[in-house]
Amino acid sequence: MTSILNVSPSPHVHGTETTRKLMFGVVIALLPALFASVFFFGTGAIIVTATSVAACVLFEYLIQRFMLRKEVSITDGSAIVTGLLLAFNLPSNTPLFIIVTGAFVAIAVAKMTFGGLGNNPFNPALVGRVFLLISFPVQMTSWPVPAGFATGYTDAVTGATPLAVIKEGIKNGESLSALMAKVPGTVDLLIGKMGGSMGEISALALLAGFAYMLWKKIITWHIPVSVLGSIAVFTSVLWLINPDIYAPPLFHLLAGGVMIGAIFMATDYVTSPMNPRAMIIYGIGIGVLTVIIRVWGAYPEGVSFAILIMNAFVPLMNTYIKPRRFGEELKNG
Amino acid sequence: MNSTVLLTIISLGMLAAIAAVILYFVARKFRVYEDPRIDQVQEILPAANCGGCGFAGCRNFAEALVAAESFEGLNCPVGGAETMNNAAAILGKVAAAADPTVAVLKCNGAPASRPKTSRYDGPSDCRIAHSLYLGESDCSYGCLGNGDCVRACKFGAMYMDKATELPVIIDDKCVSCGACVKACPRSLIELRKRAKKDRKIYVACSNCDKGAVARRACKVACIACGKCVKVCEFDAIKIENNLAYIDAAKCTFCRKCVTECPTDAILEINFPPRKVKPEPQAEPATN
Amino acid sequence: MLKTFPLGGIHPPENKLTAGKAIETAGIPASVSIPLSQHIGAPAVALVKKGDTVRTGQKIAESKGFISACIHSPVSGKVNRTDSLIDTSGYRQEMIVIDTEGDEWDESIDRSPGIKREITAAPAEIIKKCHEAGIVGMGGATFPSHVKLSVPDGKKCEVLIINGVECEPWLTSDHRLMLEKGEEILVGISIMMKALNVTSAMVGIENNKTDAIDRMGTLARSFSGISVHALKVKYPQGAEKQLIKALINREVPSGRLPVDVGAVVHNVGTAFAVYEAVQKNKPLFERVVTVTGKSLARPGNFLARTGTPVSMLIEAAGGLPGDTGKIINGGPMMGKALTGTSVPVVKGTSGIIVIPAADAERSPAGPCIRCAKCVTGCPMNLEPFLLMSLSAAGHVERAGSNKIADCMECGSCSYICPARRPLLDYIRLGKGSYIKLLRERKLKN
């Protein structure tokens, strides 16, 4: 008799993709935005990112090792992605204890309580961010003005985001054309020369990350395109109705967190729908909610709330919106 | 200030009153009559919700007991005769006598007697291994060793023996709910009548292949030689499909078949050691 | 732009090591074991008993019922015994064991070398001959071919589709057959066209076999109604429904047969077997088997008699390497792992793949990250992640309403899953339970 053979069910070959590769692919896609924010915010960006990533990984390790007493899976990279995304949603002068609190909420509350990777209904980084936004409104909305490495960490000059400028101005009865002069121009918005959360500022860097993820087939186009498309359509309609109080669509797309939200937050595997049809509906929902919150809501920015609200609908969408299966519609032409 | 407090109290109190009135009428309108005895019977059931009675849970079983004309065919294997008698007392009926049973594994093919001829490299799930192929040994009837039965047992009455790679049933904990019987894709587990001192004599094999094929695959396989049938004075043993079966109702635990079996496929468990016994005995798998 | 099917699909490494290796004859084994069930449907009933002498090509088992196939002796010699042995399915089944003595063929078989192009047999006779010759689908599914050649009443076949895709990695048996027996295949296709009463046939070949496309295209010019089409390389293009979609853009509705959209699909290997059966009176008792693997010294394509032990073919390919961890019967995506090398080659054995121990282990499965790659990879656009969890939990009914029965077990989901979850393993389980449930329900009504 020869040596004992392995017997397993088919298929007997496997693709080279792994969870870890996908997660590190996302990390690579986030690097351009990280460079942009280091370029504009200097040391602060590095400190905030490092703290957030380290805290997220550490909390995941501690919980898996000592509370759940199961295999530690921090090497899969998901905590790193959460840490990066959380950091990208914070101002570059956020105090350390706030970052650590946010990381704790993101990992311990939003992720591990639901059973860890794959089971959390809400995007952990966004839960962390929204928790901080509500708990520490002052620190979370004092955005350093971009000044490269001249921007200090604790002593940064702060200012409002373009979206906040517009929102406040409209409320005070200023005309939109006068306000648009106060905010950065389109080119500055594209490269990211504006106040805001660390990662959201540079639309170009984020789009480069999007291109990389599409090329590596990490995500599909459905969610980002439907989010951006629905925002563009909705704001265009408003702008055409009354350009005096509604900002132009391009401004809405480039200012604030739309880009990072559409490309990195809404596409989070675990909390987004699992078939193209549902993905498009989910994306449109995020786009519409974002504009509603921005234009009529209390906050100048609505992407994170919009995504969290749509996250809640994902299980429902997965149940009721099914892919068009092969042979489902009779096409006997 | 005072008026605010007052207003708050009044408005909340009114809300509460309105809600209470609505709830009252809703509760009356949608009231469902339930036999109060269902609750009483459910109280005395073990609340294991194991499904051993054939119903989804203890509540359903209680409903069935209350609705039943007689207790014929209704039995709670977990609670046993005591529970059934209590239930019968509540409902004013007579409990049908049911013998307590215990699960036994009809396979004794440890790797030592059933050599491995391949290695299963799939999900640890007997159902998948069973649908894939005959298993790690050449016996297509024997235990696959992936522990579906152990996972199905809600009473902690089973564990996998690392050395034999077979599940072990802990007699004291087994309530004979039958979950393991359903879980086994090869139907290797049987609920047998529980004898005093948990003594057992049964054929620990399920191989229906012809003797030669069965023997080639496993040293302790039943080869359907018929020696046990001949030696049994109580007509308790039958051979069907190349496999011997001992009827627990007829077996008197005389142990003659155990010594007669040439492949040690018949196990005797929880018996005192034999006094005059020149040849070595089959090692019992359990205890 | 080359044609292909639109939904899902994957691109596993092709590894067609033996594409350039001409077909060799494997030789006649000293003893063969012939399983009585080498096809889908009822097992055949043995016609011979211990001690009988048989000739090569003699019928040794009769098909039982319509969906069943006859079985012929691949060697001449004496029936040693019938025994319960492990076959390629991984279970025991009854086999007729024959000890070889010489190689004396049945006289009815025409062994002349020339190609006979003229088709004299009438449609009914063709179907009868295919049934008698025990021809089954040679792509690996082994569905009896005479059943597929008989169009049910009330239905009409418009086009015959010939599967030369060979989308499974590693395998090259169909490829070599098209290169070396192209003309015979085309005659076989013409025979099947006559039986089905159709005027056109389409041969689909994936674009990684350009030499076969050229060869078949050139030869097909002298056959009326046969066209050869190059297809974009994508797994599982060789699946019946996907091939129909790719070639004639029709979707076979869920739970229906290809003939419902006017198509019948046969493999090139089947076309060759039909040619031999109808024109040469030669029943199906040998086939081309690709024996391959990175660790083999001499991988190749072998013409092997059915019943030949796999060990003999591996010996012909340079012997079993010491580090072998797994041997697969068929392709790596849908084939079955063998329990040992003593199992016999059957009619559906398209390849034997020897995998070294280092590549034979599965990676441990991680948690589902809900990336939806299985959904986009599924050629039927099902939701494998959902079907797996429903199957594992035993929610057979819900799995059924999510179309688990449409799964053809191509393995794309398991292949693509980054968390290496055993998706197909559980889906197969749930599909089996669901089909069983349907059958029980049908019996009740």
# chains A, B, ... in the order shown; residues from 1 in each chain; ligands from 1
>>> residues_around(residues="Leu179 (chain A)", least_positions_apart="4", cutoff="8 Å", atoms="only C-alpha atoms", output="PyMOL selection string")
chain A and resi 165-166+169+174-175+183
>>> write_last_selection(atoms="N, CA, C and O atoms", output="PDB file, in the first residue's frame")
ATOM      1  N   VAL A 165     -18.795  76.419   6.865  1.00  0.00           N
ATOM      2  CA  VAL A 165     -18.835  77.820   6.465  1.00  0.00           C
ATOM      3  C   VAL A 165     -20.128  78.101   5.706  1.00  0.00           C
ATOM      4  O   VAL A 165     -20.862  79.043   5.993  1.00  0.00           O
ATOM      5  N   ILE A 166     -20.432  77.238   4.742  1.00  0.00           N
ATOM      6  CA  ILE A 166     -21.629  77.423   3.915  1.00  0.00           C
ATOM      7  C   ILE A 166     -22.888  77.318   4.784  1.00  0.00           C
ATOM      8  O   ILE A 166     -23.772  78.155   4.735  1.00  0.00           O
ATOM      9  N   GLY A 169     -23.280  80.260   7.081  1.00  0.00           N
ATOM     10  CA  GLY A 169     -23.540  81.473   6.288  1.00  0.00           C
ATOM     11  C   GLY A 169     -24.972  81.524   5.818  1.00  0.00           C
ATOM     12  O   GLY A 169     -25.658  82.542   5.956  1.00  0.00           O
ATOM     13  N   GLU A 174     -26.491  85.003   4.594  1.00  0.00           N
ATOM     14  CA  GLU A 174     -25.520  85.477   3.602  1.00  0.00           C
ATOM     15  C   GLU A 174     -25.831  84.841   2.256  1.00  0.00           C
ATOM     16  O   GLU A 174     -26.401  83.755   2.184  1.00  0.00           O
ATOM     17  N   SER A 175     -25.436  85.464   1.189  1.00  0.00           N
ATOM     18  CA  SER A 175     -25.714  84.895  -0.133  1.00  0.00           C
ATOM     19  C   SER A 175     -24.669  83.832  -0.452  1.00  0.00           C
ATOM     20  O   SER A 175     -23.520  83.898   0.003  1.00  0.00           O
ATOM     21  N   VAL A 183     -14.684  79.970   0.707  1.00  0.00           N
ATOM     22  CA  VAL A 183     -14.212  78.580   0.812  1.00  0.00           C
ATOM     23  C   VAL A 183     -13.172  78.311  -0.281  1.00  0.00           C
ATOM     24  O   VAL A 183     -13.123  79.033  -1.278  1.00  0.00           O
TER      25      VAL A 183
END
>>> interface_residues(of="chain C", to="chain B", cutoff="6 Å", atoms="only C-alpha atoms", output="NGL selection string")
:C and (90-91 or 339)
>>> write_last_selection(atoms="all heavy atoms", output="PDB file, in the first residue's frame")
ATOM      1  N   GLY C  90     -15.680   6.905  -4.426  1.00  0.00           N
ATOM      2  CA  GLY C  90     -15.275   6.830  -3.030  1.00  0.00           C
ATOM      3  C   GLY C  90     -16.094   5.854  -2.205  1.00  0.00           C
ATOM      4  O   GLY C  90     -15.906   5.727  -1.012  1.00  0.00           O
ATOM      5  N   TYR C  91     -17.011   5.177  -2.846  1.00  0.00           N
ATOM      6  CA  TYR C  91     -17.799   4.164  -2.137  1.00  0.00           C
ATOM      7  C   TYR C  91     -17.587   2.801  -2.797  1.00  0.00           C
ATOM      8  O   TYR C  91     -17.095   2.704  -3.916  1.00  0.00           O
ATOM      9  CB  TYR C  91     -19.288   4.529  -2.149  1.00  0.00           C
ATOM     10  CG  TYR C  91     -19.688   5.316  -0.925  1.00  0.00           C
ATOM     11  CD1 TYR C  91     -19.805   6.696  -0.964  1.00  0.00           C
ATOM     12  CD2 TYR C  91     -19.919   4.665   0.271  1.00  0.00           C
ATOM     13  CE1 TYR C  91     -20.154   7.417   0.180  1.00  0.00           C
ATOM     14  CE2 TYR C  91     -20.275   5.376   1.414  1.00  0.00           C
ATOM     15  CZ  TYR C  91     -20.386   6.740   1.359  1.00  0.00           C
ATOM     16  OH  TYR C  91     -20.728   7.431   2.495  1.00  0.00           O
ATOM     17  N   THR C 339      -9.284   7.434  -3.055  1.00  0.00           N
ATOM     18  CA  THR C 339      -8.817   6.897  -1.784  1.00  0.00           C
ATOM     19  C   THR C 339      -7.542   6.078  -1.962  1.00  0.00           C
ATOM     20  O   THR C 339      -6.816   5.842  -1.008  1.00  0.00           O
ATOM     21  CB  THR C 339      -9.881   5.990  -1.157  1.00  0.00           C
ATOM     22  OG1 THR C 339     -10.308   5.065  -2.166  1.00  0.00           O
ATOM     23  CG2 THR C 339     -11.074   6.781  -0.701  1.00  0.00           C
TER      24      THR C 339
END
>>> closest_residue(among="A:Ala306, A:Leu163, A:Ala203, A:Val270", to="chain C", atoms="only C-alpha atoms")
A:Val270
>>> interface_residues(of="chain A", to="chain B", cutoff="12 Å", atoms="only C-alpha atoms", output="JSON list (two decimals) with C-alpha atoms, in the first residue's frame")
[["chain", "number", "residue", "atom", "x", "y", "z"],
["A", 1, "MET", "CA", 0.00, 0.00, 0.00],
["A", 2, "THR", "CA", 1.23, 3.48, -0.85],
["A", 3, "SER", "CA", 1.15, 6.33, 1.61],
["A", 4, "ILE", "CA", -2.23, 7.54, 2.81],
["A", 5, "LEU", "CA", -3.86, 10.02, 0.46],
["A", 6, "ASN", "CA", -5.86, 13.08, 1.34],
["A", 7, "VAL", "CA", -9.49, 13.02, 0.37],
["A", 8, "SER", "CA", -11.48, 16.23, 0.36],
["A", 9, "PRO", "CA", -14.51, 17.49, -1.50],
["A", 10, "SER", "CA", -13.98, 19.45, -4.71],
["A", 11, "PRO", "CA", -12.70, 21.98, -5.66],
["A", 12, "HIS", "CA", -9.13, 20.87, -5.08]]
>>> interface_residues(of="chain C", to="chain A", cutoff="6 Å", atoms="only C-alpha atoms", output="MDAnalysis selection string")
chainID C and resid 251:254 325:326 332:334 337 368:372 380:381 411 415:416 418:419
>>> atom_distance(atom1="CA of Gly134 (chain C)", atom2="CA of Asn281 (chain C)")
11.5 Å
>>> select_by_dssp(residues="region 114-317 of chain C", states="alpha helix (DSSP H)", output="number ranges by chain")
C: 123-132, 145-149, 173-180, 182-196, 210-220, 240-248, 268-280, 310-316
>>> residues_around(residues="region 187-193 of chain A", least_positions_apart="3", cutoff="12 Å", atoms="only C-alpha atoms", output="NGL selection string")
:A and (32-41 or 144-148 or 161-163 or 183-184 or 196-208 or 250-259)
>>> residues_around(residues="Gly139 (chain C)", least_positions_apart="3", cutoff="9 Å", atoms="only C-alpha atoms", output="number ranges by chain")
C: 136, 142, 163, 166, 174, 238, 266-270, 348-350
>>> residues_around(residues="Pro6 (chain C)", least_positions_apart="5", cutoff="12 Å", atoms="only C-alpha atoms", output="PyMOL selection string")
(chain A and resi 325-326) or (chain C and resi 232+234-237+241-247+249-251+376-381)
>>> write_last_selection(atoms="N, CA and C atoms", output="PDB file, in the first residue's frame")
ATOM      1  N   ARG A 325     -30.906  35.854 -10.883  1.00  0.00           N
ATOM      2  CA  ARG A 325     -30.235  34.571 -11.035  1.00  0.00           C
ATOM      3  C   ARG A 325     -30.297  34.099 -12.480  1.00  0.00           C
ATOM      4  N   PHE A 326     -29.340  33.293 -12.823  1.00  0.00           N
ATOM      5  CA  PHE A 326     -29.277  32.750 -14.174  1.00  0.00           C
ATOM      6  C   PHE A 326     -30.550  31.955 -14.456  1.00  0.00           C
TER       7      PHE A 326
ATOM      8  N   LYS C 232     -13.898  32.916 -25.167  1.00  0.00           N
ATOM      9  CA  LYS C 232     -12.989  33.506 -24.199  1.00  0.00           C
ATOM     10  C   LYS C 232     -12.761  32.488 -23.071  1.00  0.00           C
ATOM     11  N   LYS C 234     -12.763  31.103 -19.675  1.00  0.00           N
ATOM     12  CA  LYS C 234     -13.345  31.397 -18.363  1.00  0.00           C
ATOM     13  C   LYS C 234     -13.995  30.122 -17.828  1.00  0.00           C
ATOM     14  N   TYR C 235     -13.701  29.804 -16.582  1.00  0.00           N
ATOM     15  CA  TYR C 235     -14.327  28.653 -15.930  1.00  0.00           C
ATOM     16  C   TYR C 235     -15.660  29.102 -15.343  1.00  0.00           C
ATOM     17  N   PRO C 236     -16.726  28.371 -15.362  1.00  0.00           N
ATOM     18  CA  PRO C 236     -16.977  27.046 -15.940  1.00  0.00           C
ATOM     19  C   PRO C 236     -17.732  27.141 -17.281  1.00  0.00           C
ATOM     20  N   GLN C 237     -17.008  27.417 -18.338  1.00  0.00           N
ATOM     21  CA  GLN C 237     -17.665  27.561 -19.632  1.00  0.00           C
ATOM     22  C   GLN C 237     -18.158  26.227 -20.167  1.00  0.00           C
ATOM     23  N   LYS C 241     -25.307  24.875 -19.292  1.00  0.00           N
ATOM     24  CA  LYS C 241     -26.094  26.100 -19.371  1.00  0.00           C
ATOM     25  C   LYS C 241     -25.224  27.295 -19.752  1.00  0.00           C
ATOM     26  N   GLN C 242     -24.004  27.325 -19.242  1.00  0.00           N
ATOM     27  CA  GLN C 242     -23.111  28.438 -19.546  1.00  0.00           C
ATOM     28  C   GLN C 242     -22.686  28.405 -21.007  1.00  0.00           C
ATOM     29  N   LEU C 243     -22.458  27.198 -21.526  1.00  0.00           N
ATOM     30  CA  LEU C 243     -22.027  27.079 -22.920  1.00  0.00           C
ATOM     31  C   LEU C 243     -23.145  27.508 -23.873  1.00  0.00           C
ATOM     32  N   ILE C 244     -24.367  27.139 -23.538  1.00  0.00           N
ATOM     33  CA  ILE C 244     -25.507  27.549 -24.369  1.00  0.00           C
ATOM     34  C   ILE C 244     -25.632  29.069 -24.363  1.00  0.00           C
ATOM     35  N   LYS C 245     -25.483  29.656 -23.195  1.00  0.00           N
ATOM     36  CA  LYS C 245     -25.575  31.108 -23.075  1.00  0.00           C
ATOM     37  C   LYS C 245     -24.472  31.769 -23.914  1.00  0.00           C
ATOM     38  N   ALA C 246     -23.272  31.212 -23.817  1.00  0.00           N
ATOM     39  CA  ALA C 246     -22.145  31.815 -24.533  1.00  0.00           C
ATOM     40  C   ALA C 246     -22.328  31.708 -26.043  1.00  0.00           C
ATOM     41  N   LEU C 247     -22.807  30.558 -26.512  1.00  0.00           N
ATOM     42  CA  LEU C 247     -22.845  30.346 -27.966  1.00  0.00           C
ATOM     43  C   LEU C 247     -24.095  30.911 -28.621  1.00  0.00           C
ATOM     44  N   ASN C 249     -26.664  32.608 -26.748  1.00  0.00           N
ATOM     45  CA  ASN C 249     -27.259  33.650 -25.915  1.00  0.00           C
ATOM     46  C   ASN C 249     -28.681  33.297 -25.465  1.00  0.00           C
ATOM     47  N   ARG C 250     -28.907  32.050 -25.124  1.00  0.00           N
ATOM     48  CA  ARG C 250     -30.195  31.688 -24.543  1.00  0.00           C
ATOM     49  C   ARG C 250     -29.950  31.165 -23.135  1.00  0.00           C
ATOM     50  N   GLU C 251     -30.853  31.503 -22.234  1.00  0.00           N
ATOM     51  CA  GLU C 251     -30.716  31.045 -20.853  1.00  0.00           C
ATOM     52  C   GLU C 251     -31.675  29.894 -20.597  1.00  0.00           C
ATOM     53  N   THR C 376     -20.523  37.395  -6.790  1.00  0.00           N
ATOM     54  CA  THR C 376     -20.128  37.840  -8.131  1.00  0.00           C
ATOM     55  C   THR C 376     -19.409  36.737  -8.895  1.00  0.00           C
ATOM     56  N   GLY C 377     -18.865  35.760  -8.190  1.00  0.00           N
ATOM     57  CA  GLY C 377     -18.158  34.682  -8.881  1.00  0.00           C
ATOM     58  C   GLY C 377     -19.076  33.555  -9.330  1.00  0.00           C
ATOM     59  N   CYS C 378     -20.288  33.502  -8.780  1.00  0.00           N
ATOM     60  CA  CYS C 378     -21.176  32.378  -9.096  1.00  0.00           C
ATOM     61  C   CYS C 378     -21.738  32.524 -10.502  1.00  0.00           C
ATOM     62  N   PRO C 379     -21.511  31.555 -11.370  1.00  0.00           N
ATOM     63  CA  PRO C 379     -22.008  31.657 -12.733  1.00  0.00           C
ATOM     64  C   PRO C 379     -23.533  31.578 -12.812  1.00  0.00           C
ATOM     65  N   MET C 380     -24.173  31.081 -11.758  1.00  0.00           N
ATOM     66  CA  MET C 380     -25.637  31.052 -11.741  1.00  0.00           C
ATOM     67  C   MET C 380     -26.176  32.245 -10.963  1.00  0.00           C
ATOM     68  N   ASN C 381     -25.273  33.102 -10.481  1.00  0.00           N
ATOM     69  CA  ASN C 381     -25.640  34.275  -9.686  1.00  0.00           C
ATOM     70  C   ASN C 381     -26.461  33.931  -8.455  1.00  0.00           C
TER      71      ASN C 381
END
>>> closest_residue(among="C:Thr53, C:Thr341, C:Pro43, C:Ser84", to="Ala212 (chain B)", atoms="only C-alpha atoms")
C:Ser84
>>> select_by_dssp(residues="region 184-290 of chain C", states="strand (DSSP E or B)", output="count of residues only")
24
>>> atom_distance(atom1="CA of Trp215 (chain A)", atom2="CA of Met279 (chain A)")
19.0 Å
>>> atom_distance(atom1="CA of Val288 (chain C)", atom2="CA of Ser73 (chain C)")
16.9 Å
>>> residues_around(residues="Val41 (chain B)", least_positions_apart="4", cutoff="12 Å", atoms="only C-alpha atoms", output="list in words")
Asp35, Pro36, Arg37, Leu45, Pro46, Ala47, Cys58, Arg59, Asn60, Phe61, Ala62, Glu63, Ala64, Leu65, Val66, Ala67, Cys76, Thr83, Met84, Asn85, Asn86, Ala87, Ala88, Ala89, Ile90, Leu91 and Gly92 of chain B
>>> write_last_selection(atoms="C-alpha atoms", output="compact mmCIF listing (two decimals), in the first residue's frame")
# COMPACT_ATOMS: atom_id res chain seq x y z
CA ASP B 35 -55.94 25.68 29.29
CA PRO B 36 -54.24 26.54 32.61
CA ARG B 37 -53.20 22.89 32.90
CA LEU B 45 -41.38 18.96 32.49
CA PRO B 46 -37.57 19.10 32.47
CA ALA B 47 -37.51 22.30 30.33
CA CYS B 58 -41.56 21.17 26.28
CA ARG B 59 -44.42 23.62 25.75
CA ASN B 60 -45.61 21.75 22.67
CA PHE B 61 -45.33 18.48 24.53
CA ALA B 62 -47.38 19.89 27.39
CA GLU B 63 -50.05 20.99 24.92
CA ALA B 64 -50.06 17.54 23.38
CA LEU B 65 -50.37 15.89 26.79
CA VAL B 66 -53.31 18.07 27.75
CA ALA B 67 -55.00 17.49 24.42
CA CYS B 76 -40.65 12.28 27.99
CA THR B 83 -42.30 13.04 35.22
CA MET B 84 -44.90 11.15 33.24
CA ASN B 85 -46.62 10.01 36.42
CA ASN B 86 -46.67 13.57 37.74
CA ALA B 87 -48.16 14.78 34.48
CA ALA B 88 -50.70 12.00 34.59
CA ALA B 89 -51.65 13.03 38.13
CA ILE B 90 -52.29 16.62 37.04
CA LEU B 91 -54.38 15.55 34.10
CA GLY B 92 -56.11 12.66 35.79
